[in-house]
file my_file07.csv (CSV, C-alpha atoms and all ligand atoms)
chain,number,residue,atom,x,y,z
M,1,MET,CA,18.7,-0.9,-1.2
M,2,ILE,CA,15.6,0.1,-3.2
M,3,ARG,CA,13.3,-2.5,-4.6
M,4,LEU,CA,10.7,-1.6,-7.3
M,5,GLY,CA,7.8,-3.6,-8.4
M,6,PHE,CA,4.1,-3.7,-9.3
M,7,HIS,CA,0.7,-4.9,-8.1
M,8,MET,CA,0.5,-8.3,-9.9
M,9,SER,CA,-2.4,-10.4,-11.2
M,10,ILE,CA,-3.3,-13.6,-9.5
M,11,ALA,CA,-5.4,-15.0,-12.4
M,12,GLY,CA,-5.0,-18.7,-12.5
M,13,SER,CA,-2.9,-19.0,-9.3
M,14,VAL,CA,-1.4,-16.8,-6.6
M,15,ALA,CA,1.9,-18.3,-7.7
M,16,ASN,CA,1.6,-16.4,-11.0
M,17,ALA,CA,2.3,-13.1,-9.2
M,18,PRO,CA,5.9,-13.9,-8.1
M,19,ARG,CA,6.5,-15.9,-11.3
M,20,SER,CA,5.8,-12.8,-13.5
M,21,ALA,CA,7.4,-10.4,-11.0
M,22,GLY,CA,10.6,-12.5,-11.0
M,23,ALA,CA,10.6,-13.0,-14.8
M,24,ASN,CA,10.3,-9.2,-15.3
M,25,GLY,CA,13.2,-8.6,-12.9
M,26,TYR,CA,11.3,-6.8,-10.2
M,27,GLY,CA,12.5,-6.7,-6.6
M,28,THR,CA,9.1,-6.6,-4.9
M,29,PHE,CA,5.4,-7.1,-5.8
M,30,GLN,CA,2.0,-6.9,-4.3
M,31,LEU,CA,-1.1,-9.2,-4.8
M,32,PHE,CA,-4.6,-9.9,-3.5
M,33,THR,CA,-4.5,-13.2,-1.8
M,34,SER,CA,-8.2,-13.6,-2.3
M,35,SER,CA,-10.7,-12.2,-4.8
M,36,SER,CA,-10.5,-8.4,-4.7
M,37,ARG,CA,-14.2,-7.9,-5.0
M,38,SER,CA,-15.9,-10.6,-2.8
M,39,TRP,CA,-16.2,-11.3,0.9
M,40,LYS,CA,-15.3,-15.0,0.6
M,41,ASP,CA,-13.0,-16.8,-1.8
M,42,ARG,CA,-11.8,-20.4,-2.4
M,43,THR,CA,-9.1,-21.7,0.0
M,44,LEU,CA,-5.6,-21.7,-1.3
M,45,ASP,CA,-4.3,-24.9,-2.8
M,46,PRO,CA,-1.2,-26.3,-1.0
M,47,VAL,CA,0.5,-26.7,-4.4
M,48,GLU,CA,0.1,-23.0,-5.2
M,49,ILE,CA,1.4,-22.1,-1.7
M,50,THR,CA,4.5,-24.1,-2.3
M,51,GLU,CA,5.0,-22.7,-5.8
M,52,PHE,CA,4.5,-19.1,-4.5
M,53,ALA,CA,7.2,-19.6,-1.9
M,54,SER,CA,9.6,-21.2,-4.3
M,55,HIS,CA,9.3,-18.3,-6.9
M,56,VAL,CA,9.7,-15.7,-4.1
M,57,LYS,CA,12.9,-17.5,-3.0
M,58,ARG,CA,14.3,-18.2,-6.4
M,59,TYR,CA,13.9,-14.5,-7.6
M,60,ASP,CA,14.7,-13.0,-4.2
M,61,LEU,CA,11.4,-11.1,-4.0
M,62,VAL,CA,9.8,-9.2,-1.1
M,63,PRO,CA,6.1,-9.8,-1.3
M,64,PHE,CA,3.2,-7.7,0.0
M,65,ALA,CA,-0.5,-8.4,0.1
M,66,HIS,CA,-3.4,-5.9,-0.3
M,67,ILE,CA,-6.8,-6.4,1.5
M,68,PRO,CA,-9.8,-6.7,-0.9
M,69,TYR,CA,-11.7,-3.5,-1.4
M,70,LEU,CA,-14.9,-4.5,0.5
M,71,CYS,CA,-13.1,-4.4,3.8
M,72,ASN,CA,-14.2,-1.4,5.9
M,73,PRO,CA,-12.8,-1.5,9.4
M,74,ALA,CA,-14.1,2.0,10.2
M,75,SER,CA,-17.7,1.0,9.4
M,76,ALA,CA,-20.4,1.5,12.1
M,77,ASN,CA,-22.6,-1.1,10.3
M,78,ALA,CA,-22.4,-4.2,12.6
M,79,ASP,CA,-22.6,-6.6,9.7
M,80,VAL,CA,-19.9,-4.9,7.6
M,81,HIS,CA,-17.8,-4.6,10.7
M,82,LYS,CA,-18.0,-8.3,11.5
M,83,LYS,CA,-17.3,-9.3,7.9
M,84,SER,CA,-14.4,-6.9,7.7
M,85,VAL,CA,-12.8,-8.4,10.9
M,86,ALA,CA,-13.3,-11.9,9.5
M,87,MET,CA,-11.7,-10.8,6.2
M,88,LEU,CA,-8.8,-9.3,7.9
M,89,VAL,CA,-8.2,-12.4,10.0
M,90,GLU,CA,-8.5,-14.7,6.9
M,91,ASN,CA,-6.1,-12.5,4.9
M,92,LEU,CA,-3.6,-12.3,7.7
M,93,HIS,CA,-3.7,-16.2,7.9
M,94,ARG,CA,-3.2,-16.4,4.1
M,95,CYS,CA,-0.1,-14.1,4.5
M,96,THR,CA,1.3,-16.4,7.1
M,97,ALA,CA,0.8,-19.4,4.9
M,98,LEU,CA,2.5,-17.6,1.9
M,99,GLY,CA,5.3,-16.1,3.9
M,100,ILE,CA,4.2,-12.5,3.4
M,101,GLY,CA,5.2,-10.0,6.1
M,102,GLY,CA,2.8,-7.2,5.6
M,103,ILE,CA,-0.7,-6.5,4.2
M,104,VAL,CA,-1.9,-3.1,3.0
M,105,VAL,CA,-5.2,-2.1,4.6
M,106,HIS,CA,-7.4,0.9,3.9
M,107,MET,CA,-9.1,2.3,7.0
M,108,GLY,CA,-12.2,2.7,5.0
M,109,SER,CA,-15.1,5.1,5.4
M,110,HIS,CA,-16.9,6.3,8.6
M,111,LEU,CA,-20.0,6.7,6.4
M,112,GLY,CA,-20.8,10.1,7.8
M,113,GLU,CA,-20.5,9.1,11.4
M,114,GLY,CA,-17.4,11.3,12.0
M,115,PHE,CA,-13.7,10.5,12.5
M,116,GLU,CA,-13.9,9.7,16.2
M,117,LYS,CA,-16.5,7.0,15.7
M,118,GLY,CA,-14.6,5.7,12.7
M,119,LEU,CA,-11.4,5.7,14.8
M,120,ASP,CA,-13.1,3.6,17.5
M,121,ASN,CA,-14.5,1.1,15.0
M,122,THR,CA,-11.1,0.8,13.3
M,123,ARG,CA,-9.3,0.3,16.6
M,124,LYS,CA,-11.7,-2.5,17.5
M,125,ALA,CA,-11.4,-4.2,14.1
M,126,LEU,CA,-7.6,-4.0,13.9
M,127,SER,CA,-7.1,-5.1,17.5
M,128,ALA,CA,-9.4,-8.1,17.0
M,129,ALA,CA,-7.6,-9.1,13.8
M,130,LEU,CA,-4.2,-8.7,15.4
M,131,ASP,CA,-5.2,-10.9,18.4
M,132,LYS,CA,-6.3,-13.7,16.1
M,133,SER,CA,-3.1,-13.7,14.0
M,134,ASP,CA,0.6,-13.8,14.4
M,135,GLY,CA,3.6,-12.0,13.1
M,136,VAL,CA,2.1,-10.4,10.0
M,137,SER,CA,1.9,-6.6,10.0
M,138,ILE,CA,-1.0,-4.4,9.0
M,139,LEU,CA,0.1,-1.5,6.8
M,140,LEU,CA,-2.4,1.3,6.9
M,141,GLU,CA,-2.6,3.1,3.6
M,142,ASN,CA,-3.2,6.9,3.5
M,143,SER,CA,-6.4,7.8,1.6
M,144,ALA,CA,-6.9,10.5,-1.0
M,145,GLY,CA,-9.4,12.3,1.2
M,146,TYR,CA,-12.6,11.5,-0.7
M,147,ARG,CA,-15.8,12.2,1.3
M,148,ASN,CA,-15.9,10.4,4.7
M,149,SER,CA,-12.7,8.4,4.0
M,150,MET,CA,-10.4,7.8,7.0
M,151,GLY,CA,-6.7,8.4,7.0
M,152,SER,CA,-6.1,11.2,4.5
M,153,THR,CA,-3.9,13.1,7.0
M,154,PHE,CA,-0.9,11.9,8.9
M,155,ARG,CA,-2.6,13.0,12.1
M,156,GLU,CA,-5.5,10.7,11.5
M,157,ILE,CA,-3.2,7.7,10.7
M,158,GLY,CA,-1.1,8.5,13.8
M,159,ALA,CA,-4.3,8.6,16.0
M,160,VAL,CA,-5.3,5.1,14.7
M,161,ILE,CA,-1.8,3.7,15.3
M,162,ASP,CA,-1.8,5.2,18.9
M,163,ALA,CA,-5.2,3.8,19.6
M,164,VAL,CA,-4.3,0.3,18.5
M,165,GLY,CA,-0.9,0.4,20.2
M,166,SER,CA,0.7,-2.5,18.4
M,167,GLU,CA,4.2,-2.8,16.9
M,168,ARG,CA,2.5,-4.8,14.1
M,169,VAL,CA,0.9,-1.7,12.6
M,170,GLY,CA,2.9,0.2,10.0
M,171,VAL,CA,2.1,2.5,7.1
M,172,CYS,CA,2.0,2.2,3.4
M,173,LEU,CA,2.4,5.7,1.9
M,174,ASP,CA,0.6,6.2,-1.5
M,175,THR,CA,2.1,9.1,-3.4
M,176,CYS,CA,-1.0,9.6,-5.5
M,177,HIS,CA,-3.3,9.7,-2.4
M,178,VAL,CA,-1.0,12.0,-0.4
M,179,PHE,CA,-0.9,14.5,-3.3
M,180,ALA,CA,-4.7,14.2,-3.8
M,181,ALA,CA,-5.1,14.9,0.0
M,182,GLY,CA,-3.1,18.2,-0.3
M,183,TYR,CA,0.5,17.3,0.5
M,184,ASP,CA,2.6,19.0,-2.2
M,185,ILE,CA,5.3,16.6,-3.1
M,186,ARG,CA,6.3,18.2,-6.4
M,187,THR,CA,9.5,19.9,-5.1
M,188,ASP,CA,12.5,19.0,-2.8
M,189,ASP,CA,11.1,21.4,-0.1
M,190,GLY,CA,7.6,20.0,-0.4
M,191,VAL,CA,8.8,16.4,0.0
M,192,ASP,CA,10.9,17.4,3.0
M,193,LYS,CA,8.0,19.3,4.6
M,194,THR,CA,5.7,16.3,4.0
M,195,MET,CA,8.0,13.7,5.4
M,196,HIS,CA,8.7,16.0,8.4
M,197,GLU,CA,5.0,16.1,9.1
M,198,PHE,CA,4.9,12.3,8.6
M,199,ASP,CA,7.6,11.9,11.2
M,200,SER,CA,6.0,14.1,13.8
M,201,ALA,CA,2.5,12.6,13.4
M,202,ILE,CA,3.4,9.0,12.9
M,203,GLY,CA,7.1,8.4,13.1
M,204,LEU,CA,9.3,7.4,10.1
M,205,LYS,CA,10.1,4.0,11.6
M,206,ARG,CA,6.4,3.1,10.8
M,207,LEU,CA,6.9,3.7,7.1
M,208,LYS,CA,7.2,0.1,5.6
M,209,LEU,CA,6.1,0.5,2.0
M,210,VAL,CA,5.5,3.1,-0.6
M,211,HIS,CA,2.9,2.9,-3.4
M,212,LEU,CA,4.6,4.8,-6.1
M,213,ASN,CA,1.8,6.3,-8.3
M,214,ASP,CA,1.4,9.6,-10.2
M,215,SER,CA,-2.0,11.3,-9.9
M,216,ARG,CA,-4.4,12.0,-12.7
M,217,TYR,CA,-5.9,14.9,-10.8
M,218,GLY,CA,-4.5,17.9,-9.0
M,219,LEU,CA,-3.2,18.8,-5.6
M,220,GLY,CA,-5.8,18.5,-2.9
M,221,GLU,CA,-8.6,17.5,-5.2
M,222,GLY,CA,-9.3,14.4,-3.1
M,223,LEU,CA,-9.6,12.1,-6.1
M,224,ASP,CA,-8.0,8.7,-6.1
M,225,ARG,CA,-7.0,8.2,-9.8
M,226,HIS,CA,-3.6,6.7,-10.2
M,227,TRP,CA,-1.6,7.7,-13.3
M,228,HIS,CA,1.6,6.8,-15.1
M,229,ILE,CA,4.9,7.8,-13.4
M,230,GLY,CA,6.0,11.3,-14.4
M,231,LYS,CA,2.9,11.8,-16.7
M,232,GLY,CA,0.4,13.0,-14.1
M,233,LYS,CA,0.0,16.1,-11.9
M,234,ILE,CA,2.9,15.1,-9.6
M,235,GLY,CA,5.3,14.9,-12.6
M,236,MET,CA,8.8,13.6,-13.0
M,237,GLU,CA,10.4,16.4,-10.9
M,238,GLY,CA,8.2,15.3,-8.0
M,239,PHE,CA,9.5,11.7,-8.2
M,240,ILE,CA,13.1,12.9,-8.4
M,241,SER,CA,12.5,15.0,-5.3
M,242,MET,CA,11.1,12.0,-3.5
M,243,PHE,CA,14.1,9.9,-4.2
M,244,LYS,CA,16.4,12.7,-3.0
M,245,ASN,CA,14.7,12.6,0.4
M,246,LYS,CA,16.3,10.2,2.9
M,247,SER,CA,12.9,8.5,3.7
M,248,PHE,CA,12.7,7.3,0.1
M,249,ARG,CA,16.3,6.1,-0.3
M,250,ARG,CA,15.7,2.6,0.7
M,251,GLY,CA,12.8,0.1,1.0
M,252,CYS,CA,10.1,-1.2,-1.3
M,253,PHE,CA,8.2,0.8,-3.9
M,254,ILE,CA,5.1,-0.7,-5.6
M,255,MET,CA,3.5,0.8,-8.6
M,256,GLU,CA,-0.3,0.5,-9.1
M,257,THR,CA,-0.3,2.4,-12.3
M,258,PRO,CA,-2.9,1.8,-15.0
M,259,ILE,CA,-2.4,-0.7,-17.7
M,260,ASN,CA,-4.0,0.8,-20.8
M,261,ASP,CA,-1.6,-0.6,-23.3
M,262,GLU,CA,0.8,-3.5,-23.4
M,263,GLY,CA,4.2,-2.3,-22.3
M,264,ASP,CA,2.8,0.2,-19.7
M,265,GLU,CA,4.5,-1.7,-16.9
M,266,ARG,CA,7.9,-1.4,-18.6
M,267,THR,CA,7.4,2.3,-19.4
M,268,ASN,CA,6.5,3.0,-15.8
M,269,MET,CA,9.4,1.0,-14.5
M,270,ASP,CA,11.8,2.9,-16.8
M,271,ALA,CA,10.3,6.2,-15.6
M,272,ALA,CA,10.9,5.2,-11.9
M,273,LEU,CA,14.4,4.0,-12.7
M,274,SER,CA,15.1,7.3,-14.5
M,275,ALA,CA,13.9,9.3,-11.4
M,276,LEU,CA,16.1,7.2,-9.2
M,277,LYS,CA,19.1,7.9,-11.4
M,278,LYS,CA,18.4,11.6,-11.6
M,279,ALA,CA,18.2,11.6,-7.7
M,280,GLY,CA,21.7,10.1,-7.7
M,281,ILE,CA,20.7,6.5,-6.6
M,282,ALA,CA,22.4,3.7,-8.5
M,283,GLN,CA,20.1,0.8,-9.0
M,284,GLN,CA,21.5,-2.7,-9.7
M,301,ZN,ZN,-2.2,2.4,-3.1

call {"tool": "encode", "arguments": {"input": "my_file07.csv", "output": "structure tokens", "more": "lines below"}}
Ligand SMILES: [Zn+2]
result
Amino acid sequence: MIRLGFHMSIAGSVANAPRSAGANGYGTFQLFTSSSRSWKDRTLDPVEITEFASHVKRYDLVPFAHIPYLCNPASANADVHKKSVAMLVENLHRCTALGIGGIVVHMGSHLGEGFEKGLDNTRKALSAALDKSDGVSILLENSAGYRNSMGSTFREIGAVIDAVGSERVGVCLDTCHVFAAGYDIRTDDGVDKTMHEFDSAIGLKRLKLVHLNDSRYGLGEGLDRHWHIGKGKIGMEGFISMFKNKSFRRGCFIMETPINDEGDERTNMDAALSALKKAGIAQQ
């Protein structure tokens, strides 16, 4: 079964994310469980936690969380490292309270210290956070490959997963980032080759979520600019090719496409559904 959805706003209450996702007929959604741009945020109200859970249940949704942007587990800066671990632990606890099984985490930037140093810092941060939490998985998201960013290749992500050595670490594959990092997913062969590389370096069983985004910029340009499904440099044929690949024929797909105009979510959902249909997948 394939579930499609979007990153949703938590303005007003975290319960507004599943409420809107359900009302729009999505099967999955993603949210920030705390303010996306600050280290600390207010604690969640028990009422919004209960409401969140009841909307998830009522609409049969699969929820995912995303760590706030400030978190940088790879950082060699002691203060940033400490704050990143605290943020990870706090967000994992919020996921437990809300009944969310996985949180998307960017490995961050090694800030010029090199991959090996970043790898060691990431390992320490993730291990500490996993030790202080229970059950919830950390889903490492591949990056677009911008200067000093960690995890733009499957080999780097595989190295982090091996170093942490926990079953609670999975992967969120972002289609815009993978394309920006140089994996050509515009054709059936390109997708097959990419997922074969994913399998050898990481293992397909670690793939827990896909961020379904088109890319504003070209192959291998290293620029993280999400674009509307089928209207960017990946293009409609690329999305059809993805859904033809067996790795993409089940699971959750979350769009983080821009909202420039009212109705953009609907347009992107229709484009994704059309790609599914052209790939021969019936969606209820
Ligand atoms: Zn993403």

call {"tool": "residues_near_ligand", "arguments": {"input": "my_file07.csv", "ligand": "ligand ZN 301 (chain M)", "cutoff": "10 Å", "atoms": "only C-alpha atoms and all ligand atoms", "output": "list in words"}}
result
His7, His66, Val104, Val105, His106, Glu141, Asn142, Ser143, Ala144, Cys172, Leu173, Asp174, Thr175, Cys176, His177, Leu209, Val210, His211, Leu212, Asn213, Asp224, His226, Ile254, Met255, Glu256 and Thr257 of chain M

call {"tool": "atom_distance", "arguments": {"input": "my_file07.csv", "atom1": "CA of Ala15 in chain M", "atom2": "CA of Ala86 in chain M"}}
result
23.8 Å

call {"tool": "residues_near_point", "arguments": {"input": "my_file07.csv", "point": "(-11.3, -5.0, 5.1)", "cutoff": "10 Å", "atoms": "all atoms listed in the file", "output": "list in words"}}
result
Trp39, His66, Ile67, Pro68, Tyr69, Leu70, Cys71, Asn72, Pro73, Ala74, Ser75, Val80, His81, Lys82, Lys83, Ser84, Val85, Ala86, Met87, Leu88, Val89, Asn91, Val104, Val105, His106, Met107, Gly108, Ala125 and Leu126 of chain M

call {"tool": "atom_distance", "arguments": {"input": "my_file07.csv", "atom1": "CA of Met195 in chain M", "atom2": "CA of Gly101 in chain M"}}
result
23.9 Å

call {"tool": "atom_distance", "arguments": {"input": "my_file07.csv", "atom1": "CA of Gly22 in chain M", "atom2": "CA of Gly99 in chain M"}}
result
16.2 Å

call {"tool": "closest_residue", "arguments": {"input": "my_file07.csv", "among": "M:Asp214, M:Glu262, M:Asp120, M:Glu48", "to": "Ala97 in chain M", "atoms": "all atoms listed in the file"}}
result
M:Glu48

call {"tool": "closest_residue", "arguments": {"input": "my_file07.csv", "among": "M:Lys57, M:Lys117, M:Lys132, M:Arg155", "to": "Gly203 in chain M", "atoms": "only C-alpha atoms"}}
result
M:Arg155

call {"tool": "residues_around", "arguments": {"input": "my_file07.csv", "residues": "Glu197 in chain M", "least_positions_apart": "6", "cutoff": "12 Å", "atoms": "only C-alpha atoms", "output": "ChimeraX atom specification"}}
result
/M:153-155,157-158,178,183-184,190-191,203-204

call {"tool": "residues_around", "arguments": {"input": "my_file07.csv", "residues": "Asn77 in chain M", "least_positions_apart": "6", "cutoff": "10 Å", "atoms": "all atoms listed in the file", "output": "PDB file with C-alpha atoms, keeping the file's coordinate frame"}}
result
ATOM      1  CA  HIS M 110     -16.900   6.300   8.600  1.00  0.00           C
ATOM      2  CA  LEU M 111     -20.000   6.700   6.400  1.00  0.00           C
ATOM      3  CA  ASN M 121     -14.500   1.100  15.000  1.00  0.00           C
TER       4      ASN M 121
END

call {"tool": "closest_residue", "arguments": {"input": "my_file07.csv", "among": "M:Gly263, M:Gly27, M:Gly102, M:Gly151", "to": "Gly251 in chain M", "atoms": "all atoms listed in the file"}}
result
M:Gly27
